[in-house]
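A.B. asks: Take this structure first; my questions come after.
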Amino acid sequence: MTTHDLALAGAADTLGGTATNVHFEDQLVDGKLHFDYILRPGVVTRSNALALMKAIGLPVGNGSPDPSR
């Protein structure tokens, strides 16, 4: 199964081997997202959300909930 919702990724564990998590990788090159379309086992370990936000000009903080930091 593939999903952007990590909570749904746990569903594969409850289906008795009838489903498995897979992912493919991406790279942001010159502001464009490129996927390799190679299925890899398991849940993806990184997110492209911050890179995509930066690519379209949205302000991205340092991860602190305090905007003054």
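Identifiers in this document derive from the order of the structure tokens: chains are assigned A, B, ..., residues are numbered from 1 separately in each chain, and ligands are numbered from 1 in order of occurrence.
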Which residues are close to Ile38 of chain A, i.e. within 10 Å by only C-alpha atoms, leaving aside same-chain residues fewer than 3 positions away? Reply as number ranges by chain.
C.D. replies: A: 22-26, 35, 41
A.B. asks: Could those selected residues go to a file with N, CA and C atoms, as a compact mmCIF listing (two decimals), in the first residue's frame?
C.D. replies:
# COMPACT_ATOMS: atom_id res chain seq x y z
N VAL A 22 5.33 -0.05 0.75
CA VAL A 22 6.43 0.21 -0.17
C VAL A 22 6.49 1.72 -0.42
N HIS A 23 7.61 2.16 -0.94
CA HIS A 23 7.76 3.58 -1.27
C HIS A 23 8.73 3.74 -2.43
N PHE A 24 8.71 4.91 -3.05
CA PHE A 24 9.76 5.26 -3.99
C PHE A 24 10.33 6.60 -3.57
N GLU A 25 11.51 6.91 -4.09
CA GLU A 25 12.22 8.10 -3.66
C GLU A 25 12.06 9.23 -4.66
N ASP A 26 12.29 10.43 -4.17
CA ASP A 26 12.19 11.60 -5.02
C ASP A 26 13.36 12.52 -4.76
N PHE A 35 10.64 11.70 -9.42
CA PHE A 35 10.51 10.40 -8.75
C PHE A 35 11.28 9.35 -9.54
N PRO A 41 11.04 -1.51 -0.22
CA PRO A 41 10.24 -2.01 0.91
C PRO A 41 10.17 -1.00 2.06
A.B. asks: From the DSSP assignment of the backbone, select every residue of chain A that is helix (DSSP H, G or I), and format the answer as a VMD selection string.
C.D. replies: chain A and resid 6 to 14 49 to 55
A.B. asks: Would you export the selected residues with all heavy atoms as a CSV table (one decimal), in the first residue's frame, please?
C.D. replies:
chain,number,residue,atom,x,y,z
A,6,LEU,N,1.0,8.6,7.4
A,6,LEU,CA,1.8,7.6,8.0
A,6,LEU,C,0.9,6.7,9.0
A,6,LEU,O,1.3,5.6,9.3
A,6,LEU,CB,2.9,8.2,8.8
A,6,LEU,CG,4.0,8.8,7.9
A,6,LEU,CD1,5.1,9.5,8.7
A,6,LEU,CD2,4.6,7.8,6.9
A,7,ALA,N,-0.2,7.3,9.5
A,7,ALA,CA,-1.0,6.5,10.4
A,7,ALA,C,-1.6,5.3,9.6
A,7,ALA,O,-1.8,4.2,10.1
A,7,ALA,CB,-2.2,7.3,10.9
A,8,LEU,N,-1.9,5.5,8.3
A,8,LEU,CA,-2.4,4.4,7.5
A,8,LEU,C,-1.4,3.3,7.2
A,8,LEU,O,-1.7,2.1,6.9
A,8,LEU,CB,-3.0,4.9,6.2
A,8,LEU,CG,-4.3,5.7,6.3
A,8,LEU,CD1,-4.7,6.2,4.9
A,8,LEU,CD2,-5.4,4.8,6.8
A,9,ALA,N,-0.1,3.7,7.3
A,9,ALA,CA,0.9,2.7,7.0
A,9,ALA,C,0.9,1.5,8.0
A,9,ALA,O,1.2,0.4,7.6
A,9,ALA,CB,2.3,3.4,7.0
A,10,GLY,N,0.4,1.8,9.2
A,10,GLY,CA,0.3,0.7,10.2
A,10,GLY,C,-0.8,-0.3,9.8
A,10,GLY,O,-0.8,-1.4,10.3
A,11,ALA,N,-1.7,0.0,8.9
A,11,ALA,CA,-2.7,-0.9,8.5
A,11,ALA,C,-2.2,-2.2,7.9
A,11,ALA,O,-2.7,-3.3,8.0
A,11,ALA,CB,-3.7,-0.2,7.5
A,12,ALA,N,-1.1,-2.1,7.2
A,12,ALA,CA,-0.5,-3.3,6.5
A,12,ALA,C,-0.1,-4.3,7.6
A,12,ALA,O,-0.2,-5.5,7.3
A,12,ALA,CB,0.8,-2.9,5.7
A,13,ASP,N,0.3,-3.9,8.8
A,13,ASP,CA,0.7,-4.8,9.8
A,13,ASP,C,-0.5,-5.6,10.4
A,13,ASP,O,-0.4,-6.7,10.9
A,13,ASP,CB,1.3,-4.1,11.0
A,13,ASP,CG,2.6,-3.4,10.6
A,13,ASP,OD1,3.3,-3.8,9.7
A,13,ASP,OD2,2.9,-2.4,11.2
A,14,THR,N,-1.7,-5.1,10.1
A,14,THR,CA,-2.9,-5.8,10.7
A,14,THR,C,-3.6,-6.7,9.6
A,14,THR,O,-4.6,-7.3,9.9
A,14,THR,CB,-4.0,-4.7,11.1
A,14,THR,OG1,-4.4,-4.0,10.0
A,14,THR,CG2,-3.4,-3.8,12.2
A,49,ALA,N,8.1,17.6,2.0
A,49,ALA,CA,7.1,18.7,2.2
A,49,ALA,C,7.9,20.0,2.4
A,49,ALA,O,7.5,21.0,1.8
A,49,ALA,CB,6.2,18.4,3.4
A,50,LEU,N,8.9,20.1,3.2
A,50,LEU,CA,9.6,21.4,3.5
A,50,LEU,C,10.3,21.8,2.2
A,50,LEU,O,10.3,23.0,1.9
A,50,LEU,CB,10.6,21.2,4.6
A,50,LEU,CG,10.0,21.1,6.0
A,50,LEU,CD1,11.0,20.9,7.0
A,50,LEU,CD2,9.0,22.2,6.3
A,51,ALA,N,10.9,20.9,1.5
A,51,ALA,CA,11.6,21.3,0.2
A,51,ALA,C,10.6,21.8,-0.8
A,51,ALA,O,10.8,22.8,-1.5
A,51,ALA,CB,12.3,20.1,-0.4
A,52,LEU,N,9.4,21.2,-0.9
A,52,LEU,CA,8.4,21.6,-1.8
A,52,LEU,C,7.9,23.0,-1.4
A,52,LEU,O,7.6,23.9,-2.3
A,52,LEU,CB,7.2,20.7,-1.8
A,52,LEU,CG,7.5,19.3,-2.5
A,52,LEU,CD1,6.3,18.4,-2.3
A,52,LEU,CD2,7.8,19.5,-4.0
A,53,MET,N,7.7,23.2,-0.1
A,53,MET,CA,7.2,24.6,0.4
A,53,MET,C,8.3,25.6,0.0
A,53,MET,O,7.9,26.7,-0.5
A,53,MET,CB,7.0,24.5,1.9
A,53,MET,CG,5.8,23.7,2.3
A,53,MET,SD,5.7,23.4,4.1
A,53,MET,CE,5.5,25.1,4.7
A,54,LYS,N,9.5,25.3,0.2
A,54,LYS,CA,10.6,26.3,-0.2
A,54,LYS,C,10.6,26.5,-1.7
A,54,LYS,O,10.8,27.7,-2.1
A,54,LYS,CB,12.0,25.8,0.3
A,54,LYS,CG,12.2,25.8,1.8
A,54,LYS,CD,13.6,25.3,2.1
A,54,LYS,CE,13.7,25.2,3.6
A,54,LYS,NZ,15.0,24.5,3.9
A,55,ALA,N,10.4,25.5,-2.5
A,55,ALA,CA,10.5,25.6,-3.9
A,55,ALA,C,9.4,26.5,-4.5
A,55,ALA,O,9.6,27.2,-5.5
A,55,ALA,CB,10.3,24.2,-4.5
A.B. asks: Of the candidates A:Asp5, A:Asn21, A:Gly16, A:Gly61, which shows the shortest atom-to-atom distance to Leu39 of chain A, using only C-alpha atoms?
C.D. replies: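 The shortest atom-to-atom distance to Leu39 of chain A comes from A:Asn21.
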A.B. asks: Just the strand (DSSP E or B) stuff from chain A, please, per backbone DSSP, written as a list in words.
C.D. replies: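 Of chain A, only Val22, His23, Asp26, Gln27, Leu28, Val29, Lys32, Leu33, His34, Phe35, Arg40 and Pro41 of chain A fall in strand (DSSP E or B).
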A.B. asks: Between atom CA of Val43 of chain A and atom CA of Ala19 of chain A, what is the spacing in Å?
C.D. replies: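 So the two atoms, atom CA of Ala19 of chain A and atom CA of Val43 of chain A, lie 12.6 Å apart.
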A.B. asks: What does the distance between atom CA of Leu33 of chain A and atom CA of Thr20 of chain A come to in Å, to one decimal place?
C.D. replies: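 One can read the atom CA of Leu33 of chain A to atom CA of Thr20 of chain A distance as 25.2 Å.
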